[in-house]
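Q: As input, take target_29.cif (mmCIF, C-alpha atoms (C1' of nucleotides)):
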data_structure
#
loop_
_atom_site.label_atom_id
_atom_site.label_comp_id
_atom_site.auth_asym_id
_atom_site.auth_seq_id
_atom_site.Cartn_x
_atom_site.Cartn_y
_atom_site.Cartn_z
CA MET A 1 15.58 13.53 -15.37
CA LEU A 2 15.09 11.19 -18.23
CA ASP A 3 18.58 9.99 -18.77
CA THR A 4 20.46 9.61 -15.53
CA PRO A 5 23.84 8.58 -16.93
CA ARG A 6 23.91 11.63 -19.20
CA SER A 7 23.95 14.21 -16.44
CA ALA A 8 26.14 12.19 -14.13
CA ALA A 9 29.29 13.43 -15.81
CA PRO A 10 30.66 16.61 -14.20
CA ALA A 11 29.04 16.37 -10.79
CA GLU A 12 32.39 15.94 -9.07
CA ASP A 13 34.02 19.30 -9.22
CA ILE A 14 31.95 21.14 -6.65
CA GLY A 15 34.77 23.59 -6.01
CA SER A 16 35.03 24.96 -9.55
CA ARG A 17 31.30 24.96 -9.78
CA LEU A 18 30.94 27.10 -6.69
CA ARG A 19 33.75 29.43 -7.69
CA LEU A 20 32.24 29.92 -11.13
CA VAL A 21 28.81 30.66 -9.75
CA ARG A 22 30.22 33.04 -7.19
CA GLN A 23 32.15 34.92 -9.87
CA ILE A 24 29.18 35.03 -12.18
CA TYR A 25 27.23 36.72 -9.42
CA ARG A 26 30.22 38.95 -8.63
CA VAL A 27 30.50 38.20 -4.92
CA THR A 28 33.74 37.88 -2.93
CA GLN A 29 34.36 34.92 -0.65
CA ARG A 30 34.10 37.17 2.38
CA GLU A 31 30.87 38.84 1.30
CA LEU A 32 29.30 35.51 0.47
CA ALA A 33 30.52 34.08 3.76
CA ARG A 34 28.93 36.97 5.61
CA ARG A 35 25.59 36.49 3.85
CA ALA A 36 25.66 32.73 4.31
CA GLY A 37 26.73 32.69 7.92
CA VAL A 38 29.89 30.68 7.31
CA THR A 39 33.54 31.71 7.26
CA ASN A 40 35.45 32.84 4.21
CA GLY A 41 38.01 30.14 4.94
CA ALA A 42 35.40 27.47 4.49
CA ILE A 43 34.45 28.82 1.09
CA SER A 44 38.10 28.99 0.10
CA LEU A 45 38.67 25.36 1.07
CA ILE A 46 35.56 24.21 -0.74
CA GLU A 47 36.47 26.07 -3.92
CA GLN A 48 39.87 24.40 -3.89
CA ASN A 49 38.20 21.00 -3.44
CA ARG A 50 40.22 20.49 -0.30
CA VAL A 51 37.08 19.56 1.56
CA SER A 52 33.73 18.21 0.48
CA PRO A 53 31.13 20.45 2.08
CA SER A 54 28.17 19.11 3.97
CA ILE A 55 24.86 19.69 2.32
CA SER A 56 23.89 22.06 5.10
CA SER A 57 26.95 24.23 4.51
CA LEU A 58 26.56 24.21 0.77
CA LYS A 59 22.90 25.07 1.15
CA LYS A 60 23.72 28.01 3.40
CA ILE A 61 26.30 29.27 0.94
CA LEU A 62 24.01 28.95 -2.07
CA ASP A 63 21.26 30.71 -0.16
CA GLY A 64 23.60 33.68 0.00
CA ILE A 65 23.81 33.95 -3.76
CA PRO A 66 20.92 32.97 -4.00
CA LEU A 67 20.77 29.76 -5.98
CA SER A 68 18.96 26.53 -5.24
CA LEU A 69 20.80 23.24 -4.84
CA ALA A 70 18.88 21.92 -7.82
CA ASP A 71 19.98 24.80 -10.02
CA PHE A 72 23.51 24.55 -8.71
CA PHE A 73 23.86 20.94 -9.74
CA THR A 74 21.98 21.46 -12.98
CA LEU A 75 24.37 24.17 -14.15
CA ASN A 76 25.91 23.14 -17.42
CA LEU A 77 29.63 23.84 -17.37
CA GLU A 78 30.97 21.04 -19.48
CA SER A 79 33.98 22.24 -21.38
CA SER A 80 33.69 21.51 -25.04
CA GLU A 81 35.32 22.20 -28.36
CA ASN A 82 32.08 23.11 -29.98
CA VAL A 83 31.65 26.04 -32.29
CA PHE A 84 27.88 26.00 -32.53
CA PHE A 85 25.43 26.07 -29.64
CA GLN A 86 21.74 25.38 -29.75
CA ALA A 87 19.66 27.87 -27.82
CA ALA A 88 18.34 25.17 -25.52
CA ASP A 89 21.87 24.09 -24.63
CA LEU A 90 23.05 27.48 -23.43
CA THR A 91 23.67 27.68 -19.71
CA GLU A 92 21.00 29.87 -18.17
CA ILE A 93 21.53 32.00 -15.10
CA ALA A 94 18.89 33.93 -13.18
CA PHE A 95 19.44 37.06 -11.11
CA GLY A 96 16.40 37.25 -8.91
CA GLU A 97 13.14 36.62 -10.66
CA ARG A 98 13.35 39.34 -13.26
CA ILE A 99 16.72 39.10 -14.93
CA SER A 100 18.04 36.03 -16.68
CA MET A 101 20.77 35.42 -19.18
CA ARG A 102 21.99 32.64 -21.41
CA MET A 103 25.73 32.39 -21.73
CA VAL A 104 27.46 31.83 -25.06
CA GLY A 105 30.76 29.98 -24.95
CA ASN A 106 31.09 30.04 -21.19
CA ASN A 107 32.66 26.61 -21.38
CA ILE A 108 35.42 27.65 -23.77
CA LYS A 109 38.81 28.00 -22.13
CA ASN A 110 40.99 31.06 -22.44
CA ARG A 111 38.39 33.01 -24.30
CA ALA A 112 38.56 36.76 -24.74
CA MET A 113 34.91 37.57 -24.41
CA GLN A 114 31.69 36.60 -22.72
CA MET A 115 28.57 36.90 -24.83
CA LEU A 116 25.20 36.91 -23.10
CA HIS A 117 21.63 36.75 -24.32
CA GLU A 118 19.91 38.72 -21.58
CA THR A 119 16.25 39.07 -20.72
CA TYR A 120 14.89 41.83 -18.46
CA GLN A 121 11.28 41.43 -17.37
CA PRO A 122 9.22 44.64 -17.09
CA GLY A 123 10.52 46.62 -14.14
CA ALA A 124 13.69 44.53 -13.88
CA ASP A 125 16.60 46.56 -12.51
CA THR A 126 20.21 45.79 -11.67
CA GLY A 127 19.66 47.88 -8.58
CA GLU A 128 20.58 51.20 -7.06
CA GLU A 129 24.10 50.10 -6.26
CA MET A 130 25.85 50.70 -9.57
CA LEU A 131 27.88 47.93 -11.22
CA ARG A 132 31.62 48.42 -11.61
CA HIS A 133 34.31 46.03 -12.77
CA GLN A 134 37.32 45.70 -15.05
CA GLY A 135 37.02 45.55 -18.82
CA GLU A 136 34.66 46.86 -21.45
CA GLU A 137 31.17 45.93 -22.48
CA CYS A 138 28.76 46.53 -25.30
CA GLY A 139 25.31 45.42 -26.33
CA ILE A 140 22.47 45.85 -28.73
CA ILE A 141 18.76 45.71 -27.96
CA THR A 142 16.67 43.16 -29.85
CA ALA A 143 13.26 43.53 -28.23
CA GLY A 144 11.49 45.84 -25.81
CA CYS A 145 13.44 48.73 -24.37
CA LEU A 146 16.18 49.23 -21.80
CA ALA A 147 17.20 52.25 -19.73
CA VAL A 148 20.98 52.24 -19.48
CA THR A 149 22.83 54.49 -17.03
CA VAL A 150 26.57 54.98 -17.52
CA GLY A 151 28.31 57.48 -15.28
CA THR A 152 26.12 60.58 -15.36
CA GLN A 153 24.34 59.73 -18.59
CA GLU A 154 21.09 57.84 -18.93
CA GLN A 155 19.41 56.76 -22.14
CA VAL A 156 16.46 54.54 -23.05
CA LEU A 157 17.43 52.21 -25.86
CA TYR A 158 15.08 50.55 -28.35
CA PRO A 159 15.58 47.63 -30.75
CA GLY A 160 18.58 48.29 -32.94
CA ASP A 161 20.06 50.78 -30.43
CA ALA A 162 23.34 49.87 -28.79
CA TYR A 163 25.87 50.84 -26.12
CA TYR A 164 29.60 50.51 -25.53
CA PHE A 165 31.52 51.65 -22.43
CA ARG A 166 34.41 50.89 -20.08
CA SER A 167 33.03 48.72 -17.29
CA ASP A 168 34.83 50.57 -14.52
CA ILE A 169 32.42 53.45 -15.06
CA PRO A 170 29.49 52.82 -12.72
CA HIS A 171 26.56 51.49 -14.72
CA ARG A 172 23.06 50.17 -14.36
CA PHE A 173 20.35 48.57 -16.48
CA ARG A 174 16.60 48.79 -16.08
CA ASN A 175 13.57 47.82 -18.16
CA PRO A 176 11.13 50.78 -17.98
CA GLY A 177 8.68 49.22 -20.45
CA ASP A 178 5.83 46.81 -19.93
CA THR A 179 7.14 44.05 -22.18
CA PRO A 180 10.23 41.91 -21.63
CA CYS A 181 13.43 43.40 -22.97
CA GLU A 182 15.96 41.24 -24.77
CA LEU A 183 19.49 42.16 -25.70
CA ILE A 184 22.73 40.60 -26.78
CA SER A 185 25.71 41.81 -24.77
CA VAL A 186 29.43 41.12 -24.62
CA ASN A 187 31.97 41.58 -21.84
CA SER A 188 35.69 41.64 -22.50
CA PRO A 189 37.59 40.22 -20.83
CA PRO A 190 35.06 37.75 -19.43
CA SER A 191 34.87 38.22 -15.70
CA PHE A 192 34.03 34.59 -15.12
CA MET B 1 17.12 27.27 -14.08
CA LEU B 2 15.08 30.28 -14.98
CA ASP B 3 13.30 30.96 -11.76
CA THR B 4 15.56 30.34 -8.81
CA PRO B 5 13.10 31.14 -6.01
CA ARG B 6 10.60 28.64 -7.39
CA SER B 7 12.73 25.58 -6.96
CA ALA B 8 14.29 26.73 -3.71
CA ALA B 9 11.35 25.45 -1.73
CA PRO B 10 11.81 21.83 -0.63
CA ALA B 11 15.56 21.51 -0.90
CA GLU B 12 15.96 21.07 2.84
CA ASP B 13 14.70 17.63 3.54
CA ILE B 14 17.57 15.59 2.17
CA GLY B 15 16.70 12.67 4.41
CA SER B 16 13.19 12.08 3.12
CA ARG B 17 14.42 12.70 -0.36
CA LEU B 18 17.07 10.01 -0.08
CA ARG B 19 14.74 7.56 1.59
CA LEU B 20 12.12 8.08 -1.09
CA VAL B 21 14.60 7.57 -3.88
CA ARG B 22 16.03 4.49 -2.23
CA GLN B 23 12.58 3.00 -1.82
CA ILE B 24 11.61 3.84 -5.37
CA TYR B 25 14.63 1.90 -6.53
CA ARG B 26 13.86 -0.84 -4.01
CA VAL B 27 17.25 -1.00 -2.33
CA THR B 28 17.87 -1.62 1.38
CA GLN B 29 20.14 0.65 3.40
CA ARG B 30 22.71 -2.13 3.70
CA GLU B 31 22.71 -3.02 0.03
CA LEU B 32 23.02 0.62 -0.95
CA ALA B 33 25.77 1.11 1.64
CA ARG B 34 27.66 -1.82 0.19
CA ARG B 35 27.41 -0.48 -3.35
CA ALA B 36 28.35 3.03 -2.27
CA GLY B 37 31.25 2.12 -0.03
CA VAL B 38 29.74 3.72 3.08
CA THR B 39 28.13 2.17 6.14
CA ASN B 40 24.47 1.44 6.56
CA GLY B 41 24.52 3.51 9.74
CA ALA B 42 25.48 6.59 7.80
CA ILE B 43 22.55 6.14 5.46
CA SER B 44 20.23 5.62 8.39
CA LEU B 45 21.38 8.84 10.06
CA ILE B 46 21.11 10.81 6.84
CA GLU B 47 17.60 9.56 6.13
CA GLN B 48 16.55 10.65 9.61
CA ASN B 49 18.06 14.08 8.99
CA ARG B 50 20.21 13.61 12.07
CA VAL B 51 23.28 14.58 10.06
CA SER B 52 23.80 16.63 6.94
CA PRO B 53 25.94 14.50 4.65
CA SER B 54 28.99 15.83 2.90
CA ILE B 55 28.68 16.11 -0.82
CA SER B 56 31.24 13.38 -1.25
CA SER B 57 29.22 10.97 0.86
CA LEU B 58 25.96 11.86 -0.81
CA LYS B 59 27.60 11.49 -4.19
CA LYS B 60 28.91 8.05 -3.32
CA ILE B 61 25.49 6.97 -2.10
CA LEU B 62 23.69 8.28 -5.16
CA ASP B 63 26.24 6.58 -7.40
CA GLY B 64 25.07 3.34 -5.87
CA ILE B 65 21.52 3.86 -7.05
CA PRO B 66 22.56 5.29 -9.57
CA LEU B 67 21.27 8.84 -9.68
CA SER B 68 23.08 12.08 -10.34
CA LEU B 69 23.22 14.90 -7.81
CA ALA B 70 21.42 17.09 -10.31
CA ASP B 71 18.58 14.61 -10.72
CA PHE B 72 18.45 14.04 -6.98
CA PHE B 73 17.89 17.69 -6.23
CA THR B 74 15.59 18.15 -9.18
CA LEU B 75 13.21 15.45 -8.00
CA ASN B 76 9.79 16.92 -7.54
CA LEU B 77 8.29 15.74 -4.27
CA GLU B 78 6.25 18.71 -3.24
CA SER B 79 3.13 17.57 -1.49
CA SER B 80 0.08 19.16 -2.98
CA GLU B 81 -3.67 19.08 -2.86
CA ASN B 82 -3.96 18.99 -6.60
CA VAL B 83 -6.33 16.75 -8.46
CA PHE B 84 -5.02 17.35 -11.95
CA PHE B 85 -1.44 16.95 -13.14
CA GLN B 86 0.02 18.13 -16.40
CA ALA B 87 2.21 15.56 -18.12
CA ALA B 88 5.21 17.85 -17.91
CA ASP B 89 4.80 18.24 -14.15
CA LEU B 90 4.91 14.54 -13.34
CA THR B 91 8.01 13.45 -11.49
CA GLU B 92 10.10 11.33 -13.81
CA ILE B 93 12.38 8.53 -12.70
CA ALA B 94 14.86 6.61 -14.81
CA PHE B 95 16.05 3.07 -14.23
CA GLY B 96 19.22 2.81 -16.22
CA GLU B 97 18.97 4.20 -19.71
CA ARG B 98 16.12 2.10 -20.97
CA ILE B 99 13.31 2.26 -18.44
CA SER B 100 11.67 5.44 -17.24
CA MET B 101 8.44 6.23 -15.52
CA ARG B 102 6.36 9.22 -14.65
CA MET B 103 4.63 9.05 -11.30
CA VAL B 104 1.02 10.11 -10.81
CA GLY B 105 0.09 11.43 -7.40
CA ASN B 106 3.36 10.49 -5.75
CA ASN B 107 3.09 13.66 -3.68
CA ILE B 108 -0.30 12.81 -2.24
CA LYS B 109 -0.23 11.65 1.38
CA ASN B 110 -1.84 8.46 2.62
CA ARG B 111 -2.78 7.36 -0.82
CA ALA B 112 -3.82 3.83 -1.59
CA MET B 113 -2.21 3.46 -4.98
CA GLN B 114 0.74 4.44 -7.09
CA MET B 115 0.02 5.00 -10.75
CA LEU B 116 2.90 5.04 -13.21
CA HIS B 117 3.23 5.93 -16.85
CA GLU B 118 6.10 3.67 -17.84
CA THR B 119 8.26 3.59 -20.94
CA TYR B 120 10.41 0.61 -21.92
CA GLN B 121 12.87 1.23 -24.73
CA PRO B 122 13.45 -1.67 -27.17
CA GLY B 123 15.30 -4.40 -25.31
CA ALA B 124 14.63 -2.85 -21.91
CA ASP B 125 14.41 -5.47 -19.18
CA THR B 126 13.88 -5.37 -15.43
CA GLY B 127 16.57 -8.03 -15.25
CA GLU B 128 17.07 -11.68 -14.56
CA GLU B 129 16.59 -11.25 -10.84
CA MET B 130 12.83 -11.34 -10.54
CA LEU B 131 10.94 -8.57 -8.73
CA ARG B 132 9.04 -9.42 -5.56
CA HIS B 133 7.30 -7.21 -3.05
CA GLN B 134 4.09 -6.76 -1.07
CA GLY B 135 0.82 -5.76 -2.65
CA GLU B 136 -0.83 -6.15 -6.01
CA GLU B 137 -0.26 -4.57 -9.37
CA CYS B 138 -1.96 -4.24 -12.70
CA GLY B 139 -1.38 -2.47 -15.98
CA ILE B 140 -2.51 -2.01 -19.53
CA ILE B 141 -0.32 -1.55 -22.59
CA THR B 142 -0.83 1.60 -24.65
CA ALA B 143 1.93 1.32 -27.26
CA GLY B 144 4.46 -1.23 -28.47
CA CYS B 145 4.55 -4.59 -26.76
CA LEU B 146 5.73 -5.98 -23.44
CA ALA B 147 6.75 -9.48 -22.37
CA VAL B 148 5.49 -10.02 -18.84
CA THR B 149 6.64 -12.96 -16.75
CA VAL B 150 4.67 -13.84 -13.62
CA GLY B 151 5.63 -16.97 -11.72
CA THR B 152 5.96 -19.67 -14.37
CA GLN B 153 3.84 -17.90 -16.97
CA GLU B 154 5.11 -15.57 -19.68
CA GLN B 155 3.01 -13.61 -22.14
CA VAL B 156 3.67 -10.87 -24.71
CA LEU B 157 1.09 -8.13 -24.35
CA TYR B 158 0.02 -5.65 -27.05
CA PRO B 159 -1.89 -2.36 -26.87
CA GLY B 160 -5.15 -2.95 -25.06
CA ASP B 161 -3.87 -6.08 -23.31
CA ALA B 162 -3.52 -5.98 -19.55
CA TYR B 163 -2.23 -7.82 -16.49
CA TYR B 164 -3.11 -8.12 -12.84
CA PHE B 165 -1.23 -10.17 -10.20
CA ARG B 166 -0.10 -10.32 -6.57
CA SER B 167 3.28 -8.65 -6.39
CA ASP B 168 4.80 -11.29 -4.12
CA ILE B 169 4.82 -13.64 -7.10
CA PRO B 170 8.21 -13.17 -8.79
CA HIS B 171 7.73 -11.07 -11.91
CA ARG B 172 9.65 -9.42 -14.70
CA PHE B 173 9.04 -7.03 -17.60
CA ARG B 174 10.83 -6.85 -20.91
CA ASN B 175 10.27 -5.08 -24.23
CA PRO B 176 10.93 -7.68 -26.97
CA GLY B 177 9.90 -5.31 -29.78
CA ASP B 178 11.87 -2.73 -31.68
CA THR B 179 9.73 0.27 -30.75
CA PRO B 180 9.34 1.83 -27.30
CA CYS B 181 6.65 0.26 -25.17
CA GLU B 182 4.35 2.40 -23.08
CA LEU B 183 2.00 1.27 -20.39
CA ILE B 184 -0.01 2.59 -17.51
CA SER B 185 0.44 0.61 -14.32
CA VAL B 186 -0.79 0.76 -10.77
CA ASN B 187 0.65 -0.62 -7.54
CA SER B 188 -1.42 -1.02 -4.40
CA PRO B 189 -0.43 -0.25 -1.78
CA PRO B 190 2.21 2.14 -3.08
CA SER B 191 5.61 0.85 -2.07
CA PHE B 192 7.04 4.35 -1.86
"C1'" DT C 1 5.76 -21.41 17.57
"C1'" DA C 2 10.76 -21.17 17.35
"C1'" DG C 3 14.70 -20.02 14.86
"C1'" DC C 4 17.04 -17.63 11.36
"C1'" DA C 5 17.87 -13.98 8.28
"C1'" DT C 6 17.34 -9.34 7.29
"C1'" DT C 7 16.02 -4.65 8.24
"C1'" DG C 8 16.65 -0.05 10.33
"C1'" DT C 9 18.47 2.25 14.63
"C1'" DT C 10 22.00 3.54 18.18
"C1'" DG C 11 26.33 4.80 20.95
"C1'" DA C 12 31.38 5.58 21.26
"C1'" DA C 13 35.49 6.26 18.59
"C1'" DA C 14 37.78 7.76 14.29
"C1'" DA C 15 37.79 10.82 10.47
"C1'" DT C 16 36.41 14.86 8.21
"C1'" DT C 17 34.58 19.46 7.90
"C1'" DC C 18 34.21 24.13 9.77
"C1'" DT C 19 35.79 28.13 12.55
"C1'" DA C 20 38.87 31.68 14.07
"C1'" DA C 21 42.81 34.22 13.34
"C1'" DA C 22 46.88 35.28 10.97
"C1'" DC C 23 49.49 35.54 6.40
"C1'" DG C 24 51.04 37.12 1.77
"C1'" DG C 25 49.60 39.44 -2.44
"C1'" DT C 26 47.15 43.04 -5.12
"C1'" DT C 27 44.75 47.41 -5.89
"C1'" DG C 28 43.64 52.19 -5.43
"C1'" DG C 29 44.24 56.64 -3.33
"C1'" DA C 30 46.78 60.17 -0.63
"C1'" DT D 1 55.80 55.47 -2.58
"C1'" DC D 2 53.57 54.35 1.20
"C1'" DC D 3 49.46 53.09 3.46
"C1'" DA D 4 44.98 51.18 3.96
"C1'" DA D 5 41.65 48.15 2.38
"C1'" DC D 6 40.49 44.09 0.46
"C1'" DC D 7 41.23 39.61 -1.70
"C1'" DG D 8 42.07 34.51 -1.31
"C1'" DT D 9 44.91 31.13 1.34
"C1'" DT D 10 46.51 28.64 5.31
"C1'" DT D 11 46.83 26.45 10.09
"C1'" DA D 12 45.33 24.64 14.70
"C1'" DG D 13 41.44 23.58 17.28
"C1'" DA D 14 36.24 23.04 17.74
"C1'" DA D 15 32.32 20.89 15.77
"C1'" DT D 16 30.23 17.68 12.85
"C1'" DT D 17 29.98 13.58 10.16
"C1'" DT D 18 31.16 8.64 9.46
"C1'" DT D 19 32.54 4.18 10.98
"C1'" DC D 20 32.23 0.08 13.69
"C1'" DA D 21 29.76 -2.92 16.34
"C1'" DA D 22 25.90 -4.19 18.83
"C1'" DC D 23 20.72 -3.88 19.33
"C1'" DA D 24 15.64 -4.32 18.63
"C1'" DA D 25 12.02 -5.27 15.32
"C1'" DT D 26 10.07 -7.60 11.46
"C1'" DG D 27 9.18 -11.26 8.25
"C1'" DC D 28 9.85 -15.82 6.49
"C1'" DT D 29 10.32 -20.89 6.93
"C1'" DA D 30 10.34 -25.11 9.08
#
Just give me the structure of the file as structure tokens.
A:
Amino acid sequence: MLDTPRSAAPAEDIGSRLRLVRQIYRVTQRELARRAGVTNGAISLIEQNRVSPSISSLKKILDGIPLSLADFFTLNLESSENVFFQAADLTEIAFGERISMRMVGNNIKNRAMQMLHETYQPGADTGEEMLRHQGEECGIITAGCLAVTVGTQEQVLYPGDAYYFRSDIPHRFRNPGDTPCELISVNSPPSF
Amino acid sequence: MLDTPRSAAPAEDIGSRLRLVRQIYRVTQRELARRAGVTNGAISLIEQNRVSPSISSLKKILDGIPLSLADFFTLNLESSENVFFQAADLTEIAFGERISMRMVGNNIKNRAMQMLHETYQPGADTGEEMLRHQGEECGIITAGCLAVTVGTQEQVLYPGDAYYFRSDIPHRFRNPGDTPCELISVNSPPSF
DNA sequence: TAGCATTGTTGAAAATTCTAAACGGTTGGA
DNA sequence: TCCAACCGTTTAGAATTTTCAACAATGCTA
């Protein structure tokens, strides 16, 4: 709010912004279109910047993620050459009210990995529908505890404990404790 | 960013939001239309929520203020019944890079006054074109110093000093010092 | 009070966005 | 290897936004 000119920089590229957000949340154009009540074609055109969506359309689409307009435009995706990142500068993404993550190096091009600083509130859960995607991932717990399910195995991990698995094996994360759980995780290749 | 559902609340009413911002910055529909390269009719329709502007149009309009999309959607205009406001919760508005103000009670309906906590950076100036509008205003300096011009009079005010005048007399504010100037001011009736 | 300037609002036409349906490309399983 | 399922893209037409121009309302000045 304070410094208008500062944040005025990358507001143009709505298309890339939407595509990035959609990929971060791992939704296809068609699925998002279905949730939002628009057509997949519309989303495609918007992501290619071949049209400039009306606020009402964009709102509907973001509701399907869900993400507020304010958060959408506040997302920090400036590309930079930086090597160091202050905690406060990391782009923060929320999944529902209980899971949030700060992204390390998400604005670096052609990178091999995606590092995340994740926080799971007590009871937070990636949900019954198991996650599955290309690549590999690993992580190490830094606070609280985390129940990790990979394939048929489940294990509760405590600070210092870690995991590493191929991401195409169905997996799920859940915080069974009553304090927030923090962990540092890495995906390779980055899926967004 | 953290808590998506929180900020998802009042994102709908783009029209009121735009009208409020425009009035805060004291621009007419036609003047803003001219700056933005759109027609005044378009702005009128948008402010009445009779159309949902495309992002490109909204962007052009906000550029004329100027205000970023992110700031526009981040503006806090929830109406509330609150009596107390934490400093961090006050809606903050920037005029260029040098003048900013936090609004007290801007979300209260049918109020008689608008209180502002204003900050003028060194050299900040409301500009050669004098301000003029309905109502009365007064203020008291709390830090730094402020050169206030009202009609043919000019005076530099220091902490503890104050002013009070009818707002239809042309007036202007400027920080001639080399430290930020802070003051508390009140307009009555509120012009936005 | 009359006249002028300025403000916000409207209606029809032009321009843009959105939908519906089909297309080509990729992946995974039989 | 073929097929089915799914992905994102594209095109013509429907729907919506934006322009242009005229209108009514308000405030200011003579």
Q: Between chain C and chain B, at 10 Å or less, what are the per-residue closest atom pairs and their distances in Å? Count only C-alpha atoms (C1' of nucleotides), order by chain and rising residue number, and return it as a Markdown table.
A:
| residue | atom | partner | partner_atom | distance |
| --- | --- | --- | --- | --- |
| C:DT6 | C1' | B:Arg30 | CA | 9.7 |
| C:DT7 | C1' | B:Thr28 | CA | 7.7 |
| C:DG8 | C1' | B:Ser44 | CA | 7.0 |
| C:DT9 | C1' | B:Ser44 | CA | 7.3 |
| C:DT10 | C1' | B:Gly41 | CA | 8.8 |
| C:DT16 | C1' | B:Ser54 | CA | 9.2 |
| C:DT17 | C1' | B:Ser54 | CA | 8.3 |
Q: Leaving out DT26 (chain C) and any residue of its chain fewer than 2 positions from it, which residues lie within 10 Å of it when counting only C-alpha atoms (C1' of nucleotides), given as a list of chain:residue names?
A: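 Result of the neighbour search: C:DG24, C:DG28, D:DC6, D:DC7.
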Q: Can I get the selected residues back with C-alpha atoms (C1' of nucleotides), as a short mmCIF file (atom, residue, chain, number, x, y, z; two decimals), keeping the file's coordinate frame?
A:
data_model
loop_
_atom_site.label_atom_id
_atom_site.label_comp_id
_atom_site.auth_asym_id
_atom_site.auth_seq_id
_atom_site.Cartn_x
_atom_site.Cartn_y
_atom_site.Cartn_z
"C1'" DG C 24 51.04 37.12 1.77
"C1'" DG C 28 43.64 52.19 -5.43
"C1'" DC D 6 40.49 44.09 0.46
"C1'" DC D 7 41.23 39.61 -1.70
#
Q: Any chance you could resolve the PyMOL selection byres ((chain C and resi 1) around 12) against this file and give the residues as a list in words?
A: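 Taken on the displayed file, the PyMOL selection byres ((chain C and resi 1) around 12) yields the residues DA2 and DG3 of chain C; DT29 and DA30 of chain D.
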Q: Kindly determine which residues of chain D lie within 8 Å of chain B, considering all atoms listed in the file, and give the answer as an MDAnalysis selection string.
A: chainID D and resid 17:19
Q: Could you pull the residues within 9 Å of region 72-74 of chain B, counting all atoms listed in the file, minus those fewer than 3 positions along the same chain, as a PyMOL selection string?
A: (chain A and resi 1+68-71+73-74) or (chain B and resi 7+11+14+17-18+21+62+67-69)
Q: Please tell me which residues are no farther than 12 Å from (45.4, 24.7, 14.9) in the file, counting only C-alpha atoms (C1' of nucleotides), and write them as a list in words.
A: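 Here the neighbourhood of the point contains DT19, DA20, DA21 and DA22 of chain C; DT10, DT11, DA12, DG13 and DA14 of chain D.
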Q: Name the closest residue to chain A among the candidates B:Glu47, B:Ala147, B:Met101, B:Val27; distances are taken between atoms, counting all atoms listed in the file.
A: B:Met101
Q: Neighbouring residues of Gly151 (chain B) were defined as those with any atom within 9 Å, considering only C-alpha atoms (C1' of nucleotides); residues of the same chain fewer than 3 positions away were excluded. Please report them as a PyMOL selection string.
A: chain B and resi 154+169-171
Q: For each of A:Pro180, A:Gly15, A:Pro122, A:Gly127, take the minimum atom-to-atom distance to chain B, counting only C-alpha atoms, then give the residue where this is smallest.
A: A:Gly15
Q: Please determine, counting all atoms listed in the file, which residue among B:Asp13, B:Glu31, B:Asp125, B:Glu182 has the shortest atom-to-atom distance to chain A.
A: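 Closest to chain A of all the choices is B:Asp13.
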